file model-v5.pdb (PDB, N, CA and C atoms and all ligand atoms)
ATOM      1  N   MET L  21     137.786 -46.657 -40.322
ATOM      2  CA  MET L  21     138.301 -47.231 -41.566
ATOM      3  C   MET L  21     137.153 -47.573 -42.508
ATOM      4  N   GLU L  22     137.430 -47.418 -43.787
ATOM      5  CA  GLU L  22     136.456 -47.827 -44.802
ATOM      6  C   GLU L  22     137.063 -48.967 -45.594
ATOM      7  N   THR L  23     136.234 -49.888 -46.024
ATOM      8  CA  THR L  23     136.705 -50.988 -46.872
ATOM      9  C   THR L  23     135.876 -51.022 -48.141
ATOM     10  N   ILE L  24     136.579 -51.117 -49.274
ATOM     11  CA  ILE L  24     135.875 -51.247 -50.543
ATOM     12  C   ILE L  24     136.375 -52.494 -51.255
ATOM     13  N   LYS L  25     135.537 -53.011 -52.145
ATOM     14  CA  LYS L  25     135.908 -54.193 -52.912
ATOM     15  C   LYS L  25     136.363 -53.720 -54.287
ATOM     16  N   VAL L  26     137.600 -54.083 -54.638
ATOM     17  CA  VAL L  26     138.149 -53.668 -55.936
ATOM     18  C   VAL L  26     138.231 -54.896 -56.842
ATOM     19  N   VAL L  27     137.553 -54.807 -57.986
ATOM     20  CA  VAL L  27     137.515 -55.936 -58.915
ATOM     21  C   VAL L  27     138.553 -55.763 -60.016
ATOM     22  N   GLY L  28     139.301 -56.831 -60.306
ATOM     23  CA  GLY L  28     140.213 -56.811 -61.444
ATOM     24  C   GLY L  28     141.688 -56.790 -61.090
ATOM     25  N   MET L  29     142.013 -56.823 -59.812
ATOM     26  CA  MET L  29     143.432 -56.835 -59.435
ATOM     27  C   MET L  29     143.970 -58.260 -59.558
ATOM     28  N   SER L  30     145.107 -58.391 -60.257
ATOM     29  CA  SER L  30     145.635 -59.737 -60.456
ATOM     30  C   SER L  30     147.070 -59.917 -59.977
ATOM     31  N   CYS L  31     147.764 -58.858 -59.700
ATOM     32  CA  CYS L  31     149.147 -59.009 -59.241
ATOM     33  C   CYS L  31     149.559 -57.833 -58.368
ATOM     34  N   MET L  32     150.804 -57.866 -57.917
ATOM     35  CA  MET L  32     151.272 -56.830 -57.011
ATOM     36  C   MET L  32     151.363 -55.452 -57.673
ATOM     37  N   HIS L  33     151.474 -55.444 -58.999
ATOM     38  CA  HIS L  33     151.498 -54.150 -59.685
ATOM     39  C   HIS L  33     150.132 -53.481 -59.576
ATOM     40  N   CYS L  34     149.099 -54.292 -59.714
ATOM     41  CA  CYS L  34     147.741 -53.771 -59.563
ATOM     42  C   CYS L  34     147.572 -53.214 -58.151
ATOM     43  N   VAL L  35     148.051 -53.978 -57.185
ATOM     44  CA  VAL L  35     147.936 -53.563 -55.784
ATOM     45  C   VAL L  35     148.625 -52.221 -55.587
ATOM     46  N   LYS L  36     149.805 -52.081 -56.210
ATOM     47  CA  LYS L  36     150.543 -50.834 -56.049
ATOM     48  C   LYS L  36     149.802 -49.665 -56.709
ATOM     49  N   SER L  37     149.272 -49.899 -57.895
ATOM     50  CA  SER L  37     148.529 -48.840 -58.587
ATOM     51  C   SER L  37     147.347 -48.366 -57.751
ATOM     52  N   VAL L  38     146.599 -49.328 -57.225
ATOM     53  CA  VAL L  38     145.421 -48.975 -56.428
ATOM     54  C   VAL L  38     145.849 -48.253 -55.152
ATOM     55  N   THR L  39     146.901 -48.764 -54.519
ATOM     56  CA  THR L  39     147.394 -48.144 -53.287
ATOM     57  C   THR L  39     147.831 -46.703 -53.547
ATOM     58  N   ASP L  40     148.602 -46.503 -54.616
ATOM     59  CA  ASP L  40     149.099 -45.162 -54.935
ATOM     60  C   ASP L  40     147.957 -44.211 -55.260
ATOM     61  N   THR L  41     147.014 -44.706 -56.051
ATOM     62  CA  THR L  41     145.878 -43.862 -56.457
ATOM     63  C   THR L  41     145.045 -43.440 -55.254
ATOM     64  N   LEU L  42     144.747 -44.394 -54.394
ATOM     65  CA  LEU L  42     143.952 -44.058 -53.209
ATOM     66  C   LEU L  42     144.716 -43.105 -52.292
ATOM     67  N   SER L  43     146.010 -43.348 -52.157
ATOM     68  CA  SER L  43     146.825 -42.527 -51.260
ATOM     69  C   SER L  43     146.903 -41.075 -51.700
ATOM     70  N   LYS L  44     146.731 -40.848 -53.018
ATOM     71  CA  LYS L  44     146.802 -39.478 -53.533
ATOM     72  C   LYS L  44     145.523 -38.691 -53.309
ATOM     73  N   LEU L  45     144.443 -39.383 -52.966
ATOM     74  CA  LEU L  45     143.179 -38.684 -52.748
ATOM     75  C   LEU L  45     143.251 -37.879 -51.454
ATOM     76  N   ASP L  46     142.607 -36.733 -51.483
ATOM     77  CA  ASP L  46     142.653 -35.810 -50.360
ATOM     78  C   ASP L  46     142.102 -36.435 -49.073
ATOM     79  N   GLY L  47     142.952 -36.529 -48.077
ATOM     80  CA  GLY L  47     142.515 -37.030 -46.775
ATOM     81  C   GLY L  47     142.482 -38.541 -46.639
ATOM     82  N   VAL L  48     142.849 -39.240 -47.698
ATOM     83  CA  VAL L  48     142.865 -40.701 -47.618
ATOM     84  C   VAL L  48     144.228 -41.158 -47.111
ATOM     85  N   GLN L  49     144.201 -41.902 -46.004
ATOM     86  CA  GLN L  49     145.439 -42.313 -45.339
ATOM     87  C   GLN L  49     145.412 -43.786 -44.974
ATOM     88  N   GLN L  50     146.581 -44.295 -44.626
ATOM     89  CA  GLN L  50     146.727 -45.682 -44.161
ATOM     90  C   GLN L  50     146.074 -46.685 -45.105
ATOM     91  N   VAL L  51     146.399 -46.546 -46.385
ATOM     92  CA  VAL L  51     145.798 -47.424 -47.386
ATOM     93  C   VAL L  51     146.407 -48.825 -47.320
ATOM     94  N   GLN L  52     145.564 -49.814 -47.209
ATOM     95  CA  GLN L  52     145.994 -51.213 -47.209
ATOM     96  C   GLN L  52     145.206 -51.943 -48.284
ATOM     97  N   VAL L  53     145.914 -52.461 -49.293
ATOM     98  CA  VAL L  53     145.217 -53.187 -50.345
ATOM     99  C   VAL L  53     145.588 -54.658 -50.251
ATOM    100  N   ASN L  54     144.571 -55.509 -50.259
ATOM    101  CA  ASN L  54     144.782 -56.943 -50.132
ATOM    102  C   ASN L  54     144.407 -57.644 -51.428
ATOM    103  N   LEU L  55     145.402 -58.242 -52.062
ATOM    104  CA  LEU L  55     145.193 -58.901 -53.350
ATOM    105  C   LEU L  55     144.300 -60.133 -53.212
ATOM    106  N   GLU L  56     144.528 -60.921 -52.171
ATOM    107  CA  GLU L  56     143.763 -62.160 -51.974
ATOM    108  C   GLU L  56     142.278 -61.922 -51.803
ATOM    109  N   THR L  57     141.946 -60.910 -51.004
ATOM    110  CA  THR L  57     140.529 -60.651 -50.750
ATOM    111  C   THR L  57     139.965 -59.620 -51.722
ATOM    112  N   GLY L  58     140.846 -58.964 -52.490
ATOM    113  CA  GLY L  58     140.396 -57.945 -53.433
ATOM    114  C   GLY L  58     139.758 -56.754 -52.746
ATOM    115  N   THR L  59     140.327 -56.376 -51.630
ATOM    116  CA  THR L  59     139.772 -55.252 -50.892
ATOM    117  C   THR L  59     140.815 -54.169 -50.633
ATOM    118  N   ALA L  60     140.312 -52.970 -50.445
ATOM    119  CA  ALA L  60     141.165 -51.853 -50.054
ATOM    120  C   ALA L  60     140.562 -51.236 -48.802
ATOM    121  N   THR L  61     141.402 -51.047 -47.812
ATOM    122  CA  THR L  61     140.966 -50.467 -46.552
ATOM    123  C   THR L  61     141.753 -49.178 -46.328
ATOM    124  N   PHE L  62     141.071 -48.154 -45.876
ATOM    125  CA  PHE L  62     141.745 -46.875 -45.684
ATOM    126  C   PHE L  62     140.975 -45.990 -44.720
ATOM    127  N   GLU L  63     141.674 -44.965 -44.259
ATOM    128  CA  GLU L  63     141.080 -43.952 -43.400
ATOM    129  C   GLU L  63     140.668 -42.805 -44.313
ATOM    130  N   ASN L  64     139.397 -42.446 -44.276
ATOM    131  CA  ASN L  64     138.878 -41.377 -45.137
ATOM    132  C   ASN L  64     138.671 -40.143 -44.255
ATOM    133  N   THR L  65     139.772 -39.464 -43.940
ATOM    134  CA  THR L  65     139.729 -38.429 -42.902
ATOM    135  C   THR L  65     138.929 -37.188 -43.281
ATOM    136  N   LYS L  66     138.753 -36.972 -44.596
ATOM    137  CA  LYS L  66     137.980 -35.796 -44.992
ATOM    138  C   LYS L  66     136.599 -36.163 -45.517
ATOM    139  N   GLY L  67     136.251 -37.418 -45.338
ATOM    140  CA  GLY L  67     134.925 -37.867 -45.755
ATOM    141  C   GLY L  67     134.639 -37.708 -47.235
ATOM    142  N   LEU L  68     135.583 -38.094 -48.069
ATOM    143  CA  LEU L  68     135.366 -38.030 -49.513
ATOM    144  C   LEU L  68     134.185 -38.910 -49.888
ATOM    145  N   PRO L  69     133.361 -38.443 -50.833
ATOM    146  CA  PRO L  69     132.232 -39.265 -51.255
ATOM    147  C   PRO L  69     132.691 -40.547 -51.966
ATOM    148  N   ALA L  70     131.933 -41.611 -51.761
ATOM    149  CA  ALA L  70     132.264 -42.906 -52.361
ATOM    150  C   ALA L  70     132.404 -42.796 -53.874
ATOM    151  N   GLU L  71     131.580 -41.950 -54.490
ATOM    152  CA  GLU L  71     131.611 -41.791 -55.945
ATOM    153  C   GLU L  71     132.979 -41.309 -56.433
ATOM    154  N   GLN L  72     133.577 -40.414 -55.670
ATOM    155  CA  GLN L  72     134.872 -39.864 -56.053
ATOM    156  C   GLN L  72     135.964 -40.925 -55.961
ATOM    157  N   ILE L  73     135.871 -41.750 -54.951
ATOM    158  CA  ILE L  73     136.839 -42.825 -54.763
ATOM    159  C   ILE L  73     136.688 -43.864 -55.880
ATOM    160  N   LYS L  74     135.429 -44.160 -56.176
ATOM    161  CA  LYS L  74     135.101 -45.109 -57.237
ATOM    162  C   LYS L  74     135.665 -44.653 -58.578
ATOM    163  N   LEU L  75     135.492 -43.367 -58.849
ATOM    164  CA  LEU L  75     135.938 -42.794 -60.118
ATOM    165  C   LEU L  75     137.460 -42.882 -60.250
ATOM    166  N   ALA L  76     138.156 -42.592 -59.171
ATOM    167  CA  ALA L  76     139.625 -42.639 -59.191
ATOM    168  C   ALA L  76     140.104 -44.054 -59.513
ATOM    169  N   ILE L  77     139.429 -45.046 -58.962
ATOM    170  CA  ILE L  77     139.780 -46.449 -59.204
ATOM    171  C   ILE L  77     139.472 -46.828 -60.655
ATOM    172  N   LYS L  78     138.334 -46.340 -61.114
ATOM    173  CA  LYS L  78     137.891 -46.608 -62.485
ATOM    174  C   LYS L  78     138.877 -46.063 -63.517
ATOM    175  N   MET L  79     139.403 -44.876 -63.221
ATOM    176  CA  MET L  79     140.331 -44.216 -64.132
ATOM    177  C   MET L  79     141.600 -45.029 -64.363
ATOM    178  N   ILE L  80     141.960 -45.889 -63.412
ATOM    179  CA  ILE L  80     143.168 -46.695 -63.609
ATOM    180  C   ILE L  80     142.812 -48.129 -64.010
ATOM    181  N   GLY L  81     141.571 -48.345 -64.370
ATOM    182  CA  GLY L  81     141.201 -49.621 -64.979
ATOM    183  C   GLY L  81     140.617 -50.700 -64.097
ATOM    184  N   PHE L  82     140.187 -50.329 -62.892
ATOM    185  CA  PHE L  82     139.549 -51.331 -62.028
ATOM    186  C   PHE L  82     138.141 -50.887 -61.697
ATOM    187  N   GLU L  83     137.376 -51.814 -61.166
ATOM    188  CA  GLU L  83     136.000 -51.512 -60.785
ATOM    189  C   GLU L  83     135.862 -51.619 -59.275
ATOM    190  N   VAL L  84     134.980 -50.812 -58.740
ATOM    191  CA  VAL L  84     134.652 -50.944 -57.326
ATOM    192  C   VAL L  84     133.294 -51.644 -57.252
ATOM    193  N   ALA L  85     133.270 -52.783 -56.578
ATOM    194  CA  ALA L  85     132.015 -53.554 -56.498
ATOM    195  C   ALA L  85     131.116 -53.002 -55.396
TER     196      ALA L  85
HETATM  197 CU    CU G 101     148.551 -56.536 -61.848
END
call {"tool": "encode", "arguments": {"input": "model-v5.pdb", "output": "structure tokens"}}
result
Amino acid sequence: METIKVVGMSCMHCVKSVTDTLSKLDGVQQVQVNLETGTATFENTKGLPAEQIKLAIKMIGFEVA
């Protein structure tokens, strides 16, 4: 599992957006986003580069710390 810190999530809609976006990435599975801790945990089965994941998050208006 990989865990990233997502900055800027304030409600469950944000959580859903981040969850959906991560889930659409190739090989990314079992996405769990936690609003309280501001983290997203997932299985990166195809070893996507961190930059690509970061960019996908950025495109929907959040930052990866
Ligand atoms: Cu929100």
call {"tool": "select_by_dssp", "arguments": {"input": "model-v5.pdb", "residues": "chain L", "states": "alpha helix (DSSP H)", "output": "mmCIF file with N, CA and C atoms, in the coordinates of the input"}}
result
data_model
loop_
_atom_site.group_PDB
_atom_site.id
_atom_site.type_symbol
_atom_site.label_atom_id
_atom_site.label_comp_id
_atom_site.auth_asym_id
_atom_site.auth_seq_id
_atom_site.Cartn_x
_atom_site.Cartn_y
_atom_site.Cartn_z
ATOM 1 N N MET L 32 150.804 -57.866 -57.917
ATOM 2 C CA MET L 32 151.272 -56.830 -57.011
ATOM 3 C C MET L 32 151.363 -55.452 -57.673
ATOM 4 N N HIS L 33 151.474 -55.444 -58.999
ATOM 5 C CA HIS L 33 151.498 -54.150 -59.685
ATOM 6 C C HIS L 33 150.132 -53.481 -59.576
ATOM 7 N N CYS L 34 149.099 -54.292 -59.714
ATOM 8 C CA CYS L 34 147.741 -53.771 -59.563
ATOM 9 C C CYS L 34 147.572 -53.214 -58.151
ATOM 10 N N VAL L 35 148.051 -53.978 -57.185
ATOM 11 C CA VAL L 35 147.936 -53.563 -55.784
ATOM 12 C C VAL L 35 148.625 -52.221 -55.587
ATOM 13 N N LYS L 36 149.805 -52.081 -56.210
ATOM 14 C CA LYS L 36 150.543 -50.834 -56.049
ATOM 15 C C LYS L 36 149.802 -49.665 -56.709
ATOM 16 N N SER L 37 149.272 -49.899 -57.895
ATOM 17 C CA SER L 37 148.529 -48.840 -58.587
ATOM 18 C C SER L 37 147.347 -48.366 -57.751
ATOM 19 N N VAL L 38 146.599 -49.328 -57.225
ATOM 20 C CA VAL L 38 145.421 -48.975 -56.428
ATOM 21 C C VAL L 38 145.849 -48.253 -55.152
ATOM 22 N N THR L 39 146.901 -48.764 -54.519
ATOM 23 C CA THR L 39 147.394 -48.144 -53.287
ATOM 24 C C THR L 39 147.831 -46.703 -53.547
ATOM 25 N N ASP L 40 148.602 -46.503 -54.616
ATOM 26 C CA ASP L 40 149.099 -45.162 -54.935
ATOM 27 C C ASP L 40 147.957 -44.211 -55.260
ATOM 28 N N THR L 41 147.014 -44.706 -56.051
ATOM 29 C CA THR L 41 145.878 -43.862 -56.457
ATOM 30 C C THR L 41 145.045 -43.440 -55.254
ATOM 31 N N LEU L 42 144.747 -44.394 -54.394
ATOM 32 C CA LEU L 42 143.952 -44.058 -53.209
ATOM 33 C C LEU L 42 144.716 -43.105 -52.292
ATOM 34 N N SER L 43 146.010 -43.348 -52.157
ATOM 35 C CA SER L 43 146.825 -42.527 -51.260
ATOM 36 C C SER L 43 146.903 -41.075 -51.700
ATOM 37 N N LYS L 44 146.731 -40.848 -53.018
ATOM 38 C CA LYS L 44 146.802 -39.478 -53.533
ATOM 39 C C LYS L 44 145.523 -38.691 -53.309
ATOM 40 N N ALA L 70 131.933 -41.611 -51.761
ATOM 41 C CA ALA L 70 132.264 -42.906 -52.361
ATOM 42 C C ALA L 70 132.404 -42.796 -53.874
ATOM 43 N N GLU L 71 131.580 -41.950 -54.490
ATOM 44 C CA GLU L 71 131.611 -41.791 -55.945
ATOM 45 C C GLU L 71 132.979 -41.309 -56.433
ATOM 46 N N GLN L 72 133.577 -40.414 -55.670
ATOM 47 C CA GLN L 72 134.872 -39.864 -56.053
ATOM 48 C C GLN L 72 135.964 -40.925 -55.961
ATOM 49 N N ILE L 73 135.871 -41.750 -54.951
ATOM 50 C CA ILE L 73 136.839 -42.825 -54.763
ATOM 51 C C ILE L 73 136.688 -43.864 -55.880
ATOM 52 N N LYS L 74 135.429 -44.160 -56.176
ATOM 53 C CA LYS L 74 135.101 -45.109 -57.237
ATOM 54 C C LYS L 74 135.665 -44.653 -58.578
ATOM 55 N N LEU L 75 135.492 -43.367 -58.849
ATOM 56 C CA LEU L 75 135.938 -42.794 -60.118
ATOM 57 C C LEU L 75 137.460 -42.882 -60.250
ATOM 58 N N ALA L 76 138.156 -42.592 -59.171
ATOM 59 C CA ALA L 76 139.625 -42.639 -59.191
ATOM 60 C C ALA L 76 140.104 -44.054 -59.513
ATOM 61 N N ILE L 77 139.429 -45.046 -58.962
ATOM 62 C CA ILE L 77 139.780 -46.449 -59.204
ATOM 63 C C ILE L 77 139.472 -46.828 -60.655
ATOM 64 N N LYS L 78 138.334 -46.340 -61.114
ATOM 65 C CA LYS L 78 137.891 -46.608 -62.485
ATOM 66 C C LYS L 78 138.877 -46.063 -63.517
ATOM 67 N N MET L 79 139.403 -44.876 -63.221
ATOM 68 C CA MET L 79 140.331 -44.216 -64.132
ATOM 69 C C MET L 79 141.600 -45.029 -64.363
#
call {"tool": "resolve_selection", "arguments": {"input": "model-v5.pdb", "expression": "the PyMOL selection byres (((chain L and resi 41-55 and name CA) around 8) and not hetatm and name CA)", "output": "list in words"}}
result
Met29, Ser30, Cys31, Met32, Val35, Ser37, Val38, Thr39, Asp40, Glu56, Thr57, Gly58, Thr59, Ala60, Thr61, Phe62, Glu63, Asn64, Thr65, Lys66, Gly67, Leu68, Ile73, Ala76 and Ile77 of chain L
call {"tool": "residues_near_point", "arguments": {"input": "model-v5.pdb", "point": "(134.7, -53.5, -50.1)", "cutoff": "6.5 Å", "atoms": "all atoms listed in the file", "output": "list in words"}}
result
Thr23, Ile24, Lys25, Val26, Thr59, Ala60 and Ala85 of chain L
call {"tool": "select_by_dssp", "arguments": {"input": "model-v5.pdb", "residues": "stretch 22-83 of chain L", "states": "strand (DSSP E)", "output": "MDAnalysis selection string"}}
result
chainID L and resid 22:27 48:54 59:64 83
call {"tool": "atom_distance", "arguments": {"input": "model-v5.pdb", "atom1": "atom CA of L:Gly28", "atom2": "atom C of L:Ile80"}}
result
9.4 Å
